[in-house]
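K.L.:
JSON, C-alpha atoms and all ligand atoms, file run24.json:
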```json
[["chain", "number", "residue", "atom", "x", "y", "z"],
["K", 1431, "MET", "CA", 40.46, 112.55, 116.48],
["K", 1432, "LEU", "CA", 38.02, 115.17, 115.25],
["K", 1433, "LEU", "CA", 35.28, 112.62, 114.63],
["K", 1434, "ASP", "CA", 35.15, 109.41, 116.61],
["K", 1435, "VAL", "CA", 32.24, 107.13, 115.75],
["K", 1436, "ARG", "CA", 31.96, 104.00, 117.87],
["K", 1437, "ASP", "CA", 29.78, 100.95, 117.37],
["K", 1438, "LEU", "CA", 26.97, 102.99, 115.81],
["K", 1439, "HIS", "CA", 23.59, 101.37, 115.09],
["K", 1440, "VAL", "CA", 20.61, 102.62, 113.09],
["K", 1441, "ARG", "CA", 17.37, 100.67, 112.80],
["K", 1442, "TYR", "CA", 14.28, 101.35, 110.72],
["K", 1443, "GLY", "CA", 11.78, 99.05, 112.34],
["K", 1444, "ARG", "CA", 13.01, 95.59, 111.41],
["K", 1445, "VAL", "CA", 15.67, 96.87, 109.02],
["K", 1446, "HIS", "CA", 18.98, 97.05, 110.86],
["K", 1447, "ALA", "CA", 20.70, 99.44, 108.44],
["K", 1448, "VAL", "CA", 23.85, 100.31, 110.43],
["K", 1449, "ARG", "CA", 25.20, 97.43, 112.49],
["K", 1450, "GLY", "CA", 27.96, 98.62, 114.72],
["K", 1451, "ILE", "CA", 30.11, 100.92, 112.58],
["K", 1452, "THR", "CA", 33.27, 102.34, 114.11],
["K", 1453, "LEU", "CA", 35.24, 104.97, 112.22],
["K", 1454, "THR", "CA", 37.48, 107.95, 112.87],
["K", 1455, "LEU", "CA", 38.36, 111.11, 111.00],
["K", 1456, "GLY", "CA", 41.32, 113.31, 111.84],
["K", 1457, "ALA", "CA", 41.63, 117.07, 111.30],
["K", 1458, "GLY", "CA", 42.17, 117.90, 107.63],
["K", 1459, "GLN", "CA", 41.84, 114.26, 106.60],
["K", 1460, "VAL", "CA", 39.75, 112.94, 103.72],
["K", 1461, "VAL", "CA", 38.12, 109.62, 104.60],
["K", 1462, "ALA", "CA", 35.99, 107.71, 102.11],
["K", 1463, "VAL", "CA", 33.11, 105.37, 102.86],
["K", 1464, "VAL", "CA", 32.33, 103.12, 99.94],
["K", 1465, "GLY", "CA", 29.90, 100.27, 99.43],
["K", 1466, "ALA", "CA", 27.02, 99.05, 97.30],
["K", 1467, "ASN", "CA", 23.44, 100.35, 97.21],
["K", 1468, "GLY", "CA", 21.68, 99.87, 100.49],
["K", 1469, "ALA", "CA", 24.90, 99.26, 102.44],
["K", 1470, "GLY", "CA", 23.90, 101.89, 104.99],
["K", 1471, "LYS", "CA", 26.13, 104.78, 103.91],
["K", 1472, "SER", "CA", 23.51, 107.52, 103.95],
["K", 1473, "SER", "CA", 22.05, 106.20, 107.18],
["K", 1474, "LEU", "CA", 25.51, 106.41, 108.72],
["K", 1475, "LEU", "CA", 26.04, 110.04, 107.68],
["K", 1476, "ARG", "CA", 22.54, 111.04, 108.76],
["K", 1477, "ALA", "CA", 23.11, 109.43, 112.14],
["K", 1478, "ILE", "CA", 26.42, 111.25, 112.56],
["K", 1479, "LEU", "CA", 24.65, 114.53, 111.77],
["K", 1480, "GLY", "CA", 21.90, 113.68, 114.25],
["K", 1481, "ILE", "CA", 18.97, 113.62, 111.84],
["K", 1482, "GLU", "CA", 18.59, 109.85, 112.09],
["K", 1483, "LYS", "CA", 17.97, 108.27, 115.46],
["K", 1484, "THR", "CA", 20.67, 105.86, 116.61],
["K", 1485, "SER", "CA", 19.87, 102.70, 118.54],
["K", 1486, "GLY", "CA", 23.34, 102.19, 119.92],
["K", 1487, "GLY", "CA", 26.89, 103.47, 119.94],
["K", 1488, "SER", "CA", 28.32, 106.96, 120.24],
["K", 1489, "VAL", "CA", 29.54, 109.91, 118.22],
["K", 1490, "GLY", "CA", 32.50, 111.87, 119.52],
["K", 1491, "TYR", "CA", 33.41, 115.24, 118.04],
["K", 1492, "ASP", "CA", 36.56, 117.09, 118.98],
["K", 1493, "GLY", "CA", 36.83, 115.19, 122.25],
["K", 1494, "THR", "CA", 33.17, 115.61, 123.30],
["K", 1495, "ASP", "CA", 30.47, 112.96, 123.26],
["K", 1496, "ILE", "CA", 27.77, 114.55, 121.06],
["K", 1497, "THR", "CA", 25.52, 111.49, 120.77],
["K", 1498, "ARG", "CA", 22.66, 113.34, 122.46],
["K", 1499, "TRP", "CA", 23.15, 116.66, 120.71],
["K", 1500, "SER", "CA", 20.53, 117.93, 118.26],
["K", 1501, "ALA", "CA", 21.47, 118.23, 114.60],
["K", 1502, "SER", "CA", 21.38, 122.02, 114.77],
["K", 1503, "GLU", "CA", 23.84, 122.05, 117.67],
["K", 1504, "ARG", "CA", 26.14, 119.85, 115.62],
["K", 1505, "VAL", "CA", 25.89, 122.16, 112.60],
["K", 1506, "LYS", "CA", 26.51, 125.20, 114.79],
["K", 1507, "ASN", "CA", 29.69, 123.55, 115.94],
["K", 1508, "GLY", "CA", 30.94, 122.88, 112.44],
["K", 1509, "LEU", "CA", 29.71, 119.37, 111.63],
["K", 1510, "VAL", "CA", 27.84, 119.63, 108.32],
["K", 1511, "LEU", "CA", 26.37, 117.37, 105.65],
["K", 1512, "VAL", "CA", 25.89, 117.91, 101.94],
["K", 1513, "PRO", "CA", 23.04, 115.42, 101.57],
["K", 1514, "GLU", "CA", 22.36, 112.95, 98.84],
["K", 1515, "GLY", "CA", 20.35, 114.75, 96.18],
["K", 1516, "ARG", "CA", 21.77, 118.15, 97.27],
["K", 1517, "ARG", "CA", 18.54, 119.67, 98.62],
["K", 1518, "ILE", "CA", 18.93, 122.94, 96.75],
["K", 1519, "VAL", "CA", 15.84, 125.16, 96.96],
["K", 1520, "MET", "CA", 14.92, 125.58, 93.32],
["K", 1521, "THR", "CA", 12.50, 128.45, 93.94],
["K", 1522, "LEU", "CA", 15.21, 130.60, 95.51],
["K", 1523, "THR", "CA", 18.08, 132.31, 93.75],
["K", 1524, "VAL", "CA", 21.64, 131.06, 93.88],
["K", 1525, "HIS", "CA", 22.49, 133.86, 96.30],
["K", 1526, "GLU", "CA", 19.54, 133.12, 98.57],
["K", 1527, "ASN", "CA", 20.51, 129.45, 98.67],
["K", 1528, "LEU", "CA", 24.00, 130.45, 99.77],
["K", 1529, "LEU", "CA", 22.64, 132.74, 102.49],
["K", 1530, "MET", "CA", 20.64, 129.79, 103.86],
["K", 1531, "GLY", "CA", 23.96, 128.11, 104.62],
["K", 1532, "ALA", "CA", 24.76, 130.84, 107.10],
["K", 1533, "PHE", "CA", 21.47, 130.41, 108.97],
["K", 1534, "ASN", "CA", 23.32, 129.77, 112.20],
["K", 1535, "ARG", "CA", 25.43, 132.93, 111.97],
["K", 1536, "ARG", "CA", 24.97, 136.66, 112.04],
["K", 1537, "LEU", "CA", 24.98, 138.03, 108.47],
["K", 1538, "ASP", "CA", 27.97, 140.27, 109.09],
["K", 1539, "ALA", "CA", 30.86, 141.40, 106.94],
["K", 1540, "ALA", "CA", 32.67, 138.12, 107.55],
["K", 1541, "VAL", "CA", 29.82, 136.12, 106.04],
["K", 1542, "HIS", "CA", 29.63, 138.43, 103.03],
["K", 1543, "SER", "CA", 33.33, 138.17, 102.41],
["K", 1544, "GLU", "CA", 33.08, 134.37, 102.62],
["K", 1545, "ILE", "CA", 30.28, 134.49, 100.07],
["K", 1546, "ASP", "CA", 32.57, 136.55, 97.82],
["K", 1547, "GLY", "CA", 35.20, 133.85, 98.34],
["K", 1548, "ILE", "CA", 32.73, 131.18, 97.26],
["K", 1549, "TYR", "CA", 31.89, 133.15, 94.12],
["K", 1550, "ASP", "CA", 35.61, 133.42, 93.38],
["K", 1551, "ARG", "CA", 35.94, 129.69, 93.81],
["K", 1552, "PHE", "CA", 32.87, 128.87, 91.72],
["K", 1553, "PRO", "CA", 32.63, 131.45, 88.93],
["K", 1554, "ASN", "CA", 29.62, 129.69, 87.39],
["K", 1555, "LEU", "CA", 27.69, 130.49, 90.54],
["K", 1556, "ALA", "CA", 28.83, 134.11, 90.49],
["K", 1557, "ALA", "CA", 27.55, 134.49, 86.94],
["K", 1558, "ARG", "CA", 24.12, 133.19, 88.00],
["K", 1559, "ARG", "CA", 23.94, 134.79, 91.40],
["K", 1560, "ASP", "CA", 20.47, 136.29, 90.95],
["K", 1561, "ARG", "CA", 19.01, 133.50, 88.84],
["K", 1562, "LEU", "CA", 16.79, 130.78, 90.27],
["K", 1563, "ALA", "CA", 18.76, 127.73, 91.34],
["K", 1564, "SER", "CA", 16.64, 125.68, 88.92],
["K", 1565, "VAL", "CA", 18.65, 127.06, 85.98],
["K", 1566, "LEU", "CA", 21.85, 125.44, 87.29],
["K", 1567, "SER", "CA", 23.30, 122.28, 85.79],
["K", 1568, "GLY", "CA", 23.75, 119.24, 88.02],
["K", 1569, "GLY", "CA", 27.41, 120.06, 88.61],
["K", 1570, "GLU", "CA", 26.64, 123.68, 89.43],
["K", 1571, "GLN", "CA", 23.93, 122.57, 91.87],
["K", 1572, "GLN", "CA", 26.47, 120.33, 93.56],
["K", 1573, "MET", "CA", 28.86, 123.28, 93.83],
["K", 1574, "LEU", "CA", 26.08, 125.42, 95.26],
["K", 1575, "ALA", "CA", 25.39, 122.71, 97.84],
["K", 1576, "ILE", "CA", 29.08, 122.63, 98.77],
["K", 1577, "GLY", "CA", 29.25, 126.43, 98.85],
["K", 1578, "ARG", "CA", 26.21, 126.55, 101.10],
["K", 1579, "ALA", "CA", 27.74, 124.00, 103.46],
["K", 1580, "LEU", "CA", 30.98, 126.02, 103.55],
["K", 1581, "LEU", "CA", 29.05, 128.99, 104.91],
["K", 1582, "ALA", "CA", 28.23, 127.04, 108.05],
["K", 1583, "ALA", "CA", 31.98, 127.34, 108.82],
["K", 1584, "PRO", "CA", 32.53, 123.56, 108.91],
["K", 1585, "ARG", "CA", 35.38, 121.71, 110.51],
["K", 1586, "VAL", "CA", 33.96, 118.43, 109.24],
["K", 1587, "MET", "CA", 32.12, 118.26, 105.95],
["K", 1588, "MET", "CA", 30.28, 115.06, 105.13],
["K", 1589, "LEU", "CA", 29.30, 114.60, 101.49],
["K", 1590, "ASP", "CA", 26.81, 111.98, 100.34],
["K", 1591, "GLU", "CA", 27.47, 110.94, 96.74],
["K", 1592, "PRO", "CA", 28.47, 114.33, 95.38],
["K", 1593, "SER", "CA", 29.16, 112.92, 91.90],
["K", 1594, "LEU", "CA", 25.78, 111.25, 91.51],
["K", 1595, "GLY", "CA", 24.26, 111.95, 88.09],
["K", 1596, "LEU", "CA", 27.17, 114.14, 86.95],
["K", 1597, "SER", "CA", 29.13, 113.73, 83.73],
["K", 1598, "PRO", "CA", 32.74, 112.56, 84.18],
["K", 1599, "ILE", "CA", 34.01, 116.09, 83.51],
["K", 1600, "LEU", "CA", 31.72, 117.71, 86.06],
["K", 1601, "SER", "CA", 32.44, 115.06, 88.65],
["K", 1602, "ALA", "CA", 36.18, 115.58, 88.17],
["K", 1603, "GLU", "CA", 35.59, 119.26, 88.89],
["K", 1604, "VAL", "CA", 33.56, 118.50, 92.00],
["K", 1605, "PHE", "CA", 36.20, 116.06, 93.24],
["K", 1606, "GLU", "CA", 38.89, 118.68, 92.71],
["K", 1607, "HIS", "CA", 36.94, 121.10, 94.92],
["K", 1608, "ILE", "CA", 36.51, 118.43, 97.57],
["K", 1609, "ALA", "CA", 40.24, 117.74, 97.55],
["K", 1610, "SER", "CA", 40.90, 121.44, 98.06],
["K", 1611, "LEU", "CA", 38.73, 121.54, 101.20],
["K", 1612, "GLY", "CA", 41.22, 119.44, 103.12],
["K", 1613, "ARG", "CA", 44.28, 120.82, 101.39],
["K", 1614, "ASP", "CA", 43.55, 124.56, 101.50],
["K", 1615, "ARG", "CA", 41.07, 125.00, 104.32],
["K", 1616, "ASN", "CA", 41.89, 122.22, 106.75],
["K", 1617, "ILE", "CA", 38.31, 120.94, 106.62],
["K", 1618, "ALA", "CA", 38.08, 117.23, 107.35],
["K", 1619, "VAL", "CA", 35.99, 115.40, 104.77],
["K", 1620, "LEU", "CA", 33.91, 112.26, 105.19],
["K", 1621, "LEU", "CA", 33.06, 111.28, 101.64],
["K", 1622, "VAL", "CA", 30.44, 108.70, 100.66],
["K", 1623, "GLU", "CA", 30.75, 107.68, 97.04],
["K", 1624, "GLN", "CA", 29.69, 104.94, 94.68],
["K", 1625, "ASN", "CA", 32.43, 106.02, 92.35],
["K", 1626, "THR", "CA", 34.90, 103.92, 94.29],
["K", 1627, "GLN", "CA", 37.88, 104.56, 92.09],
["K", 1628, "ARG", "CA", 37.64, 108.33, 92.38],
["K", 1629, "ALA", "CA", 36.86, 108.27, 96.07],
["K", 1630, "LEU", "CA", 39.86, 106.09, 96.84],
["K", 1631, "GLU", "CA", 42.13, 108.25, 94.71],
["K", 1632, "LEU", "CA", 41.10, 111.29, 96.70],
["K", 1633, "ALA", "CA", 40.98, 109.86, 100.23],
["K", 1634, "ASP", "CA", 43.69, 109.24, 102.79],
["K", 1635, "HIS", "CA", 41.86, 106.38, 104.44],
["K", 1636, "ALA", "CA", 38.79, 104.38, 103.46],
["K", 1637, "TYR", "CA", 36.14, 102.10, 104.89],
["K", 1638, "VAL", "CA", 34.25, 99.54, 102.84],
["K", 1639, "ILE", "CA", 30.82, 98.82, 104.21],
["K", 1640, "GLU", "CA", 28.45, 96.04, 103.35],
["K", 1641, "LEU", "CA", 25.02, 95.45, 104.91],
["K", 1642, "GLY", "CA", 25.71, 97.93, 107.68],
["K", 1643, "ARG", "CA", 29.12, 96.63, 108.69],
["K", 1644, "VAL", "CA", 32.71, 97.60, 107.97],
["K", 1645, "VAL", "CA", 34.14, 94.72, 105.95],
["K", 1646, "SER", "CA", 37.47, 96.31, 105.14],
["K", 1647, "GLN", "CA", 39.40, 99.46, 105.92],
["K", 1648, "GLY", "CA", 42.84, 100.87, 105.45],
["K", 1649, "PRO", "CA", 44.89, 103.49, 103.63],
["K", 1650, "ALA", "CA", 42.95, 104.35, 100.49],
["K", 1651, "GLU", "CA", 45.98, 103.58, 98.33],
["K", 1652, "GLN", "CA", 46.12, 100.09, 99.69],
["K", 1653, "LEU", "CA", 42.41, 99.43, 99.06],
["K", 1654, "LEU", "CA", 42.77, 100.87, 95.58],
["K", 1655, "SER", "CA", 45.38, 98.25, 94.73],
["K", 1656, "ASP", "CA", 43.30, 95.42, 96.19],
["K", 1657, "HIS", "CA", 41.51, 94.35, 93.04],
["K", 1658, "LYS", "CA", 39.99, 91.31, 94.65],
["K", 1659, "LEU", "CA", 38.29, 93.49, 97.21],
["K", 1660, "ILE", "CA", 37.11, 95.94, 94.60],
["K", 1661, "ASP", "CA", 35.68, 93.13, 92.48],
["K", 1662, "ALA", "CA", 34.06, 91.40, 95.43],
["K", 1663, "TYR", "CA", 32.31, 94.34, 97.00],
["K", 1664, "LEU", "CA", 32.26, 97.29, 94.75],
["K", 1665, "GLY", "CA", 32.15, 96.61, 91.07],
["K", 1666, "HIS", "CA", 34.11, 99.22, 89.23],
["K", 1667, "GLY", "CA", 32.67, 102.30, 90.72],
["K", 1668, "GLU", "CA", 30.67, 103.51, 87.77],
["K", 1669, "ALA", "CA", 27.55, 101.65, 88.82],
["K", 1670, "LYS", "CA", 25.45, 104.74, 89.29],
["K", 1671, "ALA", "CA", 27.19, 106.92, 86.75],
["K", 1672, "GLY", "CA", 24.32, 107.01, 84.30],
["K", 1673, "HIS", "CA", 21.78, 107.13, 87.04],
["K", 1674, "SER", "CA", 20.19, 110.53, 87.48],
["K", 1675, "GLU", "CA", 18.96, 111.63, 90.86],
["K", 1676, "GLN", "CA", 15.40, 112.01, 89.58],
["K", 1677, "GLN", "CA", 15.20, 108.25, 89.22],
["K", 1678, "ARG", "CA", 16.15, 107.69, 92.81],
["K", 1679, "PRO", "CA", 13.46, 106.91, 95.34],
["K", 1680, "VAL", "CA", 12.61, 109.78, 97.65],
["K", 1681, "ARG", "CA", 13.12, 108.69, 101.23],
["C", 1701, "LIG", "N1", 13.66, 105.80, 106.14],
["C", 1701, "LIG", "C1", 13.86, 104.48, 105.98],
["C", 1701, "LIG", "N2", 12.93, 103.57, 106.36],
["C", 1701, "LIG", "C2", 13.13, 102.25, 106.18],
["C", 1701, "LIG", "N3", 14.25, 101.72, 105.65],
["C", 1701, "LIG", "C3", 15.21, 102.58, 105.25],
["C", 1701, "LIG", "C4", 15.07, 103.99, 105.39],
["C", 1701, "LIG", "N4", 16.19, 104.59, 104.90],
["C", 1701, "LIG", "C5", 16.98, 103.59, 104.50],
["C", 1701, "LIG", "N5", 16.40, 102.38, 104.70],
["C", 1701, "LIG", "C6", 16.99, 101.05, 104.42],
["C", 1701, "LIG", "O1", 18.22, 100.97, 105.11],
["C", 1701, "LIG", "C7", 19.21, 100.35, 104.33],
["C", 1701, "LIG", "C8", 20.39, 101.30, 104.15],
["C", 1701, "LIG", "O2", 19.97, 102.41, 103.37],
["C", 1701, "LIG", "P1", 20.93, 103.65, 103.05],
["C", 1701, "LIG", "O3", 20.13, 104.64, 102.32],
["C", 1701, "LIG", "O4", 21.59, 104.07, 104.30],
["C", 1701, "LIG", "O5", 21.99, 102.94, 102.10],
["C", 1701, "LIG", "P2", 23.08, 103.58, 101.13],
["C", 1701, "LIG", "O6", 24.33, 102.82, 101.34],
["C", 1701, "LIG", "O7", 23.12, 105.04, 101.31],
["C", 1701, "LIG", "O8", 22.47, 103.21, 99.70],
["C", 1701, "LIG", "P3", 22.57, 104.02, 98.30],
["C", 1701, "LIG", "O9", 23.92, 103.70, 97.75],
["C", 1701, "LIG", "O10", 21.48, 103.42, 97.49],
["C", 1701, "LIG", "O11", 22.38, 105.47, 98.58],
["C", 1701, "LIG", "C9", 18.54, 99.96, 103.03],
["C", 1701, "LIG", "O12", 18.12, 98.63, 103.15],
["C", 1701, "LIG", "C10", 17.35, 100.89, 102.95],
["C", 1701, "LIG", "O13", 16.31, 100.32, 102.22],
["C", 1702, "MG", "MG", 22.79, 106.62, 100.08]]
```
Output the file's structure in the form of structure tokens.
Ligand SMILES: Nc1ncnc2c1ncn2[C@@H]1O[C@H](COP(=O)(O)OP(=O)(O)OP(=O)(O)O)[C@@H](O)[C@H]1O
Ligand SMILES: [Mg+2]
P.N.:
Amino acid sequence: MLLDVRDLHVRYGRVHAVRGITLTLGAGQVVAVVGANGAGKSSLLRAILGIEKTSGGSVGYDGTDITRWSASERVKNGLVLVPEGRRIVMTLTVHENLLMGAFNRRLDAAVHSEIDGIYDRFPNLAARRDRLASVLSGGEQQMLAIGRALLAAPRVMMLDEPSLGLSPILSAEVFEHIASLGRDRNIAVLLVEQNTQRALELADHAYVIELGRVVSQGPAEQLLSDHKLIDAYLGHGEAKAGHSEQQRPVR
């Protein structure tokens, strides 16, 4: 397994946000993590990246125990996160934001040809290459965040609610790009989404988490057909659809 998370715990003082989550992700696989607000999804991803302290459990990556590695070592080795809220730098241009993604590499011809590849993939970014990122629409910002993460040469890309605040058309576009990561580039994807329906349609395997624990898991197709489960834990996946990121608390 490329990613092997075992019995992971995250605590914020008295809040026990992640309570013993075990999950695996194989090379080229798309695995979804779904669950309601506050379930612990972002905490889980942040802990896997190493930017949130864990209070128990382990993270294995490509056969190595990386639990004690710093986040930058993890990124250098191809484990990246597109965070909730994207974290685009609005005062930099589109191109400068992309270059930031390659911070851990030498800016050689290979990087520049990858940037050209990203512009080919996302023509809206190419057209705005020298504009400030603040002119981009929400969907374009999400694509910039994905493009930036691609420049870190990921083997595992974790995405935290990439469709948040996007119109259905833009989120469909973003989901299509995510699907192509696994399909065309053999990048394994760990996808956190509140749009349960979409996430399950895209994923090979899925985990449902509630209050920091895995309450169900299986082939995504199987979970998708389990209406009782969807009703019980998830609503119908559009819960945050009209919810723009500006309204979300800054943590
Ligand atoms: N920095 C923090 N300090 C204290 N509590 C936190 C912190 N970050 C998250 N929490 C709490 O931990 C729990 C899990 O939060 P987390 O953000 O991981 O959930 P989530 O599943 O990503 O939710 P959402 O769908 O709203 O993004 C929540 O109860 C939240 O209030
Ligand atoms: Mg979250």
K.L.:
Considering all atoms listed in the file, state which residue in the set K:Met1520, K:Ile1478, K:Ile1660, K:Met1530 is at the smallest distance from Leu1581 in chain K.
P.N.:
K:Met1530
K.L.:
What is the CA of Arg1578 in chain K to CA of Leu1528 in chain K distance in Å?
P.N.:
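A separation of 4.7 Å between them.
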K.L.:
Give me, please, the distance in Å between CA of Tyr1637 in chain K and CA of Val1463 in chain K, quoted to one decimal.
P.N.:
4.9 Å
K.L.:
Select the residues contacting ligand MG 1702 (chain C) at a distance of at most 7 Å, based on all atoms listed in the file, then format the selection as a VMD selection string.
P.N.:
chain K and resid 1467 to 1468 1470 to 1472 1514 1590
K.L.:
Mind running chain K against ligand LIG 1701 (chain C) at 8 Å and telling me each contacting residue's nearest atom pair with the distance in Å (one decimal), counting all atoms listed in the file, chain and number ascending, as a tab-separated table?
P.N.:
```
residue	atom	partner	partner_atom	distance
K:Arg1441	CA	C:LIG1701	O1	7.7
K:Tyr1442	CA	C:LIG1701	C2	4.8
K:Gly1443	CA	C:LIG1701	C2	7.1
K:Val1445	CA	C:LIG1701	N3	6.1
K:His1446	CA	C:LIG1701	O1	7.0
K:Ala1447	CA	C:LIG1701	O1	4.4
K:Val1448	CA	C:LIG1701	C8	7.2
K:Gly1465	CA	C:LIG1701	O6	6.4
K:Ala1466	CA	C:LIG1701	O9	5.6
K:Asn1467	CA	C:LIG1701	O9	3.4
K:Gly1468	CA	C:LIG1701	O5	3.5
K:Ala1469	CA	C:LIG1701	O6	3.8
K:Gly1470	CA	C:LIG1701	O4	3.3
K:Lys1471	CA	C:LIG1701	O6	3.7
K:Ser1472	CA	C:LIG1701	O7	3.6
K:Ser1473	CA	C:LIG1701	O4	3.6
K:Leu1474	CA	C:LIG1701	O4	6.4
K:Glu1514	CA	C:LIG1701	O11	7.5
K:Asp1590	CA	C:LIG1701	O7	7.9
K:Glu1591	CA	C:LIG1701	O11	7.7
K:Glu1623	CA	C:LIG1701	O9	7.9
K:Gln1624	CA	C:LIG1701	O9	6.7
K:Leu1641	CA	C:LIG1701	C8	7.5
K:Gly1642	CA	C:LIG1701	C8	7.2
K:Arg1681	CA	C:LIG1701	N1	5.7
```
K.L.:
Restricted to N, CA and C atoms, what does range 1472-1488 of chain K look like when written out as an mmCIF file, in the first residue's frame?
P.N.:
```
data_model
loop_
_atom_site.group_PDB
_atom_site.id
_atom_site.type_symbol
_atom_site.label_atom_id
_atom_site.label_comp_id
_atom_site.auth_asym_id
_atom_site.auth_seq_id
_atom_site.Cartn_x
_atom_site.Cartn_y
_atom_site.Cartn_z
ATOM 1 N N SER K 1472 -10.790 16.967 7.915
ATOM 2 C CA SER K 1472 -9.624 17.831 7.681
ATOM 3 C C SER K 1472 -8.513 17.507 8.663
ATOM 4 N N SER K 1473 -8.884 17.235 9.909
ATOM 5 C CA SER K 1473 -7.870 16.879 10.906
ATOM 6 C C SER K 1473 -7.104 15.640 10.448
ATOM 7 N N LEU K 1474 -7.829 14.684 9.895
ATOM 8 C CA LEU K 1474 -7.197 13.451 9.412
ATOM 9 C C LEU K 1474 -6.170 13.763 8.312
ATOM 10 N N LEU K 1475 -6.577 14.553 7.325
ATOM 11 C CA LEU K 1475 -5.657 14.868 6.220
ATOM 12 C C LEU K 1475 -4.448 15.653 6.726
ATOM 13 N N ARG K 1476 -4.710 16.610 7.613
ATOM 14 C CA ARG K 1476 -3.614 17.429 8.129
ATOM 15 C C ARG K 1476 -2.626 16.579 8.933
ATOM 16 N N ALA K 1477 -3.168 15.595 9.642
ATOM 17 C CA ALA K 1477 -2.292 14.698 10.405
ATOM 18 C C ALA K 1477 -1.475 13.818 9.460
ATOM 19 N N ILE K 1478 -2.088 13.376 8.378
ATOM 20 C CA ILE K 1478 -1.347 12.537 7.421
ATOM 21 C C ILE K 1478 -0.224 13.347 6.775
ATOM 22 N N LEU K 1479 -0.495 14.635 6.521
ATOM 23 C CA LEU K 1479 0.536 15.505 5.943
ATOM 24 C C LEU K 1479 1.611 15.876 6.958
ATOM 25 N N GLY K 1480 1.270 15.780 8.253
ATOM 26 C CA GLY K 1480 2.259 16.110 9.282
ATOM 27 C C GLY K 1480 2.175 17.540 9.771
ATOM 28 N N ILE K 1481 1.090 18.242 9.442
ATOM 29 C CA ILE K 1481 0.952 19.609 9.961
ATOM 30 C C ILE K 1481 0.042 19.651 11.177
ATOM 31 N N GLU K 1482 -0.517 18.519 11.551
ATOM 32 C CA GLU K 1482 -1.286 18.424 12.792
ATOM 33 C C GLU K 1482 -0.617 17.333 13.608
ATOM 34 N N LYS K 1483 -0.422 17.618 14.885
ATOM 35 C CA LYS K 1483 0.248 16.649 15.746
ATOM 36 C C LYS K 1483 -0.684 15.456 15.980
ATOM 37 N N THR K 1484 -0.128 14.256 15.957
ATOM 38 C CA THR K 1484 -0.954 13.084 16.259
ATOM 39 C C THR K 1484 -0.687 12.668 17.698
ATOM 40 N N SER K 1485 -1.694 12.059 18.334
ATOM 41 C CA SER K 1485 -1.492 11.611 19.708
ATOM 42 C C SER K 1485 -1.548 10.093 19.780
ATOM 43 N N GLY K 1486 -1.439 9.461 18.629
ATOM 44 C CA GLY K 1486 -1.399 8.001 18.614
ATOM 45 C C GLY K 1486 -1.517 7.501 17.192
ATOM 46 N N GLY K 1487 -1.034 6.286 16.976
ATOM 47 C CA GLY K 1487 -1.148 5.663 15.664
ATOM 48 C C GLY K 1487 0.052 5.946 14.784
ATOM 49 N N SER K 1488 -0.013 5.493 13.533
ATOM 50 C CA SER K 1488 1.130 5.639 12.637
ATOM 51 C C SER K 1488 0.678 5.928 11.213
#
```
